Amino acid sequence: MKIYCAPLEGVTTYVFRNAYNTIYGNVDKFFSPFLSPAENCPMTPREKKDIAPENNEGINLVPQILTCRSDHFIDAAKALHSMGYSEINLNLGCPSGTVCTKGKGAAFLQETDALQVFLDAIYSYSESEGIKISIKTRLGYSDPEEFHDLIGIFNSFPVSELIVHPRIRTDFYKGEPRKEYFAYALKHVKCPLVYNGNIYSAEDYEELVSTFSSSLDPIMTGRGLISDPSLLDKLKGTISETDFTKFRKLHDTLYHEYQKVMSPDINVLHKMRELWTYWQVLFDGKERDIKRLMKAKKIAEYEASVSGIL
Ligand SMILES: Cc1cc2nc3c(=O)[nH]c(=O)nc-3n(C[C@H](O)[C@H](O)[C@H](O)COP(=O)(O)O)c2cc1C
């Protein structure tokens, strides 16, 4: 089974990808958090650093672009192609207000005429350059029934892979994924299809397989992989319990690597805190230490809390 790591802005950074890839491996593709190209600026220095090949050695990385302007997409794709990337992912799922008010991400799904013109332009470019474009999408903006028309649109382009997060924009990341629409996609989507959403355990995956009466391969996981970094080993059937030796190694690597690239210390602590919002589910009974860790303002306080947990 192929497993993809979902992009999580601020979490699956190049620092995270390198640490995870070295300690755990098993990720067939990482997708970068979105790059948001602007006029004459295909990417910011910070975005460029995140996807620079020298910062992603040995990692199978697909950069992701978020835009509703085909000229901006093509400018960014040219820059990425010249850096050596031959697959690019289009973000049609981001639900955030700041993104959607600009007509990008999930909001672009409502504008089906403009979307077709956009896809026509970017696929003409990609075909002429031999680049693959995959798409990460939701079911629609405000109604999952939008998905039927969207599938018709996606089927008319050479989409290299369609990653479906079966929620609509207004669901954000909450509630049960609308699995019946993914079942519809399995029947009607012509290109390779990837399931994404709420896979936190091997049991979650098994349940999906029985719901769809179909093996799902590849799958993409984001919060599940972050919350329990051993998830991929569990999905592959090589272990059944979380490996805390590897977890400690992942924690320490991230902590030290972020200290090298971030300052002052409080920024490193913010970054680690964000990770602990996912990791805390692994540490039943350690709620007091975790609460203390979340409040830590100094490195020494943070480290003392960590040693009470790990
Ligand atoms: C904090 C956060 C940041 C995210 N950033 C991105 C992003 O940059 N690009 C993207 O396509 N999806 C982004 N997503 C969505 C995830 O890639 C994924 O589709 C979603 O979390 C559902 O999958 P999961 O249940 O496996 O986490 C983000 C989600 C979260 C919670």
# chains A, B, ... in the order shown; residues from 1 in each chain; ligands from 1

call {"tool": "residues_near_ligand", "arguments": {"ligand": "ligand 1", "cutoff": "7 Å", "atoms": "only C-alpha atoms and all ligand atoms", "output": "list in words"}}
result
Ala6, Pro7, Leu8, Glu9, Gly10, Val11, Ser32, Pro33, Phe34, Asn91, Gly93, Cys94, Lys136, His165, Tyr173, Asn196, Gly197, Asn198, Ile199, Met220, Thr221, Gly222, Arg223 and Gly224 of chain A

call {"tool": "write_last_selection", "arguments": {"atoms": "N, CA and C atoms", "output": "mmCIF file, in the first residue's frame"}}
result
data_model
loop_
_atom_site.group_PDB
_atom_site.id
_atom_site.type_symbol
_atom_site.label_atom_id
_atom_site.label_comp_id
_atom_site.auth_asym_id
_atom_site.auth_seq_id
_atom_site.Cartn_x
_atom_site.Cartn_y
_atom_site.Cartn_z
ATOM 1 N N ALA A 6 -0.082 14.051 3.987
ATOM 2 C CA ALA A 6 -0.841 15.253 3.601
ATOM 3 C C ALA A 6 -0.061 16.516 3.973
ATOM 4 N N PRO A 7 -0.287 17.583 3.217
ATOM 5 C CA PRO A 7 0.342 18.852 3.604
ATOM 6 C C PRO A 7 -0.414 19.493 4.758
ATOM 7 N N LEU A 8 0.302 19.899 5.797
ATOM 8 C CA LEU A 8 -0.307 20.665 6.883
ATOM 9 C C LEU A 8 0.562 21.901 7.070
ATOM 10 N N GLU A 9 0.015 23.024 6.672
ATOM 11 C CA GLU A 9 0.768 24.268 6.751
ATOM 12 C C GLU A 9 1.280 24.483 8.174
ATOM 13 N N GLY A 10 2.554 24.794 8.306
ATOM 14 C CA GLY A 10 3.135 25.056 9.623
ATOM 15 C C GLY A 10 3.555 23.790 10.354
ATOM 16 N N VAL A 11 3.134 22.626 9.878
ATOM 17 C CA VAL A 11 3.456 21.376 10.585
ATOM 18 C C VAL A 11 4.370 20.485 9.740
ATOM 19 N N SER A 32 3.917 19.311 -0.263
ATOM 20 C CA SER A 32 4.305 20.505 0.497
ATOM 21 C C SER A 32 3.057 21.295 0.881
ATOM 22 N N PRO A 33 3.114 21.993 2.021
ATOM 23 C CA PRO A 33 2.053 22.965 2.275
ATOM 24 C C PRO A 33 2.002 23.938 1.097
ATOM 25 N N PHE A 34 0.850 24.577 0.881
ATOM 26 C CA PHE A 34 0.676 25.330 -0.361
ATOM 27 C C PHE A 34 1.637 26.506 -0.522
ATOM 28 N N ASN A 91 -4.157 22.887 -5.238
ATOM 29 C CA ASN A 91 -5.011 22.896 -4.046
ATOM 30 C C ASN A 91 -6.395 23.436 -4.389
ATOM 31 N N GLY A 93 -8.923 22.700 -2.111
ATOM 32 C CA GLY A 93 -9.626 22.269 -0.907
ATOM 33 C C GLY A 93 -9.537 23.205 0.273
ATOM 34 N N CYS A 94 -8.580 24.146 0.240
ATOM 35 C CA CYS A 94 -8.360 24.958 1.444
ATOM 36 C C CYS A 94 -9.644 25.716 1.838
ATOM 37 N N LYS A 136 -5.811 18.118 -5.414
ATOM 38 C CA LYS A 136 -6.348 17.761 -4.088
ATOM 39 C C LYS A 136 -7.615 18.583 -3.892
ATOM 40 N N HIS A 165 -10.686 14.723 -0.392
ATOM 41 C CA HIS A 165 -11.013 14.847 1.028
ATOM 42 C C HIS A 165 -12.529 15.027 1.062
ATOM 43 N N TYR A 173 -12.635 20.876 8.968
ATOM 44 C CA TYR A 173 -12.026 19.551 9.171
ATOM 45 C C TYR A 173 -12.835 18.727 10.169
ATOM 46 N N ASN A 196 -8.444 10.689 1.309
ATOM 47 C CA ASN A 196 -7.836 11.458 2.407
ATOM 48 C C ASN A 196 -8.909 11.882 3.412
ATOM 49 N N GLY A 197 -8.665 11.578 4.679
ATOM 50 C CA GLY A 197 -9.545 12.097 5.723
ATOM 51 C C GLY A 197 -9.765 11.155 6.883
ATOM 52 N N ASN A 198 -9.341 11.612 8.090
ATOM 53 C CA ASN A 198 -9.627 10.918 9.352
ATOM 54 C C ASN A 198 -9.099 9.494 9.445
ATOM 55 N N ILE A 199 -7.958 9.206 8.864
ATOM 56 C CA ILE A 199 -7.350 7.888 9.111
ATOM 57 C C ILE A 199 -6.367 8.055 10.273
ATOM 58 N N MET A 220 -3.919 8.968 1.692
ATOM 59 C CA MET A 220 -3.170 10.111 2.223
ATOM 60 C C MET A 220 -3.618 10.342 3.662
ATOM 61 N N THR A 221 -2.641 10.547 4.556
ATOM 62 C CA THR A 221 -2.991 10.863 5.938
ATOM 63 C C THR A 221 -2.191 12.064 6.423
ATOM 64 N N GLY A 222 -2.870 12.896 7.210
ATOM 65 C CA GLY A 222 -2.218 14.099 7.744
ATOM 66 C C GLY A 222 -2.203 14.065 9.253
ATOM 67 N N ARG A 223 -3.353 14.426 9.852
ATOM 68 C CA ARG A 223 -3.391 14.508 11.318
ATOM 69 C C ARG A 223 -3.119 13.161 11.973
ATOM 70 N N GLY A 224 -3.514 12.070 11.312
ATOM 71 C CA GLY A 224 -3.267 10.737 11.877
ATOM 72 C C GLY A 224 -1.774 10.452 11.991
#

call {"tool": "residues_around", "arguments": {"residues": "Glu303 of chain A", "least_positions_apart": "5", "cutoff": "12 Å", "atoms": "only C-alpha atoms", "output": "list in words"}}
result
His251, Asp252, Tyr255, His256, Leu269, Met272, Asp289, Ile290, Arg292, Leu293, Met294, Ala296, Lys297, Lys298, Gly308, Ile309 and Leu310 of chain A

call {"tool": "write_last_selection", "arguments": {"atoms": "N, CA, C and O atoms", "output": "tab-separated table (two decimals), in the first residue's frame"}}
result
chain	number	residue	atom	x	y	z
A	251	HIS	N	10.85	13.56	18.41
A	251	HIS	CA	10.70	14.77	19.22
A	251	HIS	C	12.03	15.51	19.32
A	251	HIS	O	12.12	16.71	19.06
A	252	ASP	N	13.08	14.77	19.72
A	252	ASP	CA	14.37	15.43	19.97
A	252	ASP	C	14.94	16.01	18.68
A	252	ASP	O	15.50	17.11	18.68
A	255	TYR	N	12.98	19.17	17.85
A	255	TYR	CA	13.31	20.22	18.82
A	255	TYR	C	14.68	20.84	18.50
A	255	TYR	O	14.82	22.06	18.42
A	256	HIS	N	15.66	19.98	18.24
A	256	HIS	CA	17.01	20.51	17.96
A	256	HIS	C	17.09	21.19	16.60
A	256	HIS	O	17.73	22.22	16.45
A	269	LEU	N	9.34	27.11	20.97
A	269	LEU	CA	8.35	26.54	21.89
A	269	LEU	C	6.95	26.57	21.28
A	269	LEU	O	6.17	25.62	21.43
A	272	MET	N	6.80	23.65	18.89
A	272	MET	CA	6.69	22.37	19.58
A	272	MET	C	5.28	22.21	20.19
A	272	MET	O	4.70	21.13	20.16
A	289	ASP	N	1.47	17.23	33.07
A	289	ASP	CA	2.76	17.59	32.45
A	289	ASP	C	2.54	18.29	31.12
A	289	ASP	O	3.24	19.24	30.78
A	290	ILE	N	1.55	17.80	30.39
A	290	ILE	CA	1.29	18.40	29.07
A	290	ILE	C	0.78	19.83	29.23
A	290	ILE	O	1.19	20.74	28.53
A	292	ARG	N	1.52	21.82	31.65
A	292	ARG	CA	2.69	22.62	32.04
A	292	ARG	C	3.54	22.93	30.80
A	292	ARG	O	4.00	24.06	30.60
A	293	LEU	N	3.71	21.91	29.98
A	293	LEU	CA	4.51	22.06	28.75
A	293	LEU	C	3.89	23.14	27.84
A	293	LEU	O	4.60	23.97	27.28
A	294	MET	N	2.57	23.10	27.74
A	294	MET	CA	1.88	24.05	26.86
A	294	MET	C	2.04	25.49	27.34
A	294	MET	O	1.91	26.43	26.57
A	296	ALA	N	4.82	26.53	28.97
A	296	ALA	CA	6.25	26.84	29.15
A	296	ALA	C	6.67	28.07	28.33
A	296	ALA	O	6.35	28.17	27.15
A	297	LYS	N	7.36	28.98	28.99
A	297	LYS	CA	7.85	30.17	28.28
A	297	LYS	C	9.36	30.14	28.13
A	297	LYS	O	9.95	30.94	27.43
A	298	LYS	N	9.99	29.22	28.87
A	298	LYS	CA	11.45	29.11	28.82
A	298	LYS	C	11.84	27.68	28.45
A	298	LYS	O	11.15	26.72	28.81
A	308	GLY	N	9.20	14.76	32.10
A	308	GLY	CA	8.13	14.14	32.88
A	308	GLY	C	7.19	13.31	32.02
A	308	GLY	O	6.44	12.48	32.53
A	309	ILE	N	7.22	13.56	30.71
A	309	ILE	CA	6.28	12.86	29.81
A	309	ILE	C	6.96	11.68	29.11
A	309	ILE	O	6.39	10.60	29.02
A	310	LEU	N	8.18	11.91	28.62
A	310	LEU	CA	8.83	10.87	27.79
A	310	LEU	C	9.79	10.00	28.60
A	310	LEU	O	10.43	10.46	29.49

call {"tool": "residues_around", "arguments": {"residues": "Pro37 of chain A", "least_positions_apart": "2", "cutoff": "10 Å", "atoms": "only C-alpha atoms", "output": "PyMOL selection string"}}
result
chain A and resi 34-35+39-44+47+65-69+71-77

call {"tool": "select_by_dssp", "arguments": {"residues": "segment 159-255 of chain A", "states": "strand (DSSP E)", "output": "PyMOL selection string"}}
result
chain A and resi 162-164+193-196+219-221

call {"tool": "closest_residue", "arguments": {"among": "A:Ala19, A:Tyr85, A:Leu231, A:Lys29", "to": "Ile51 of chain A", "atoms": "only C-alpha atoms"}}
result
A:Tyr85
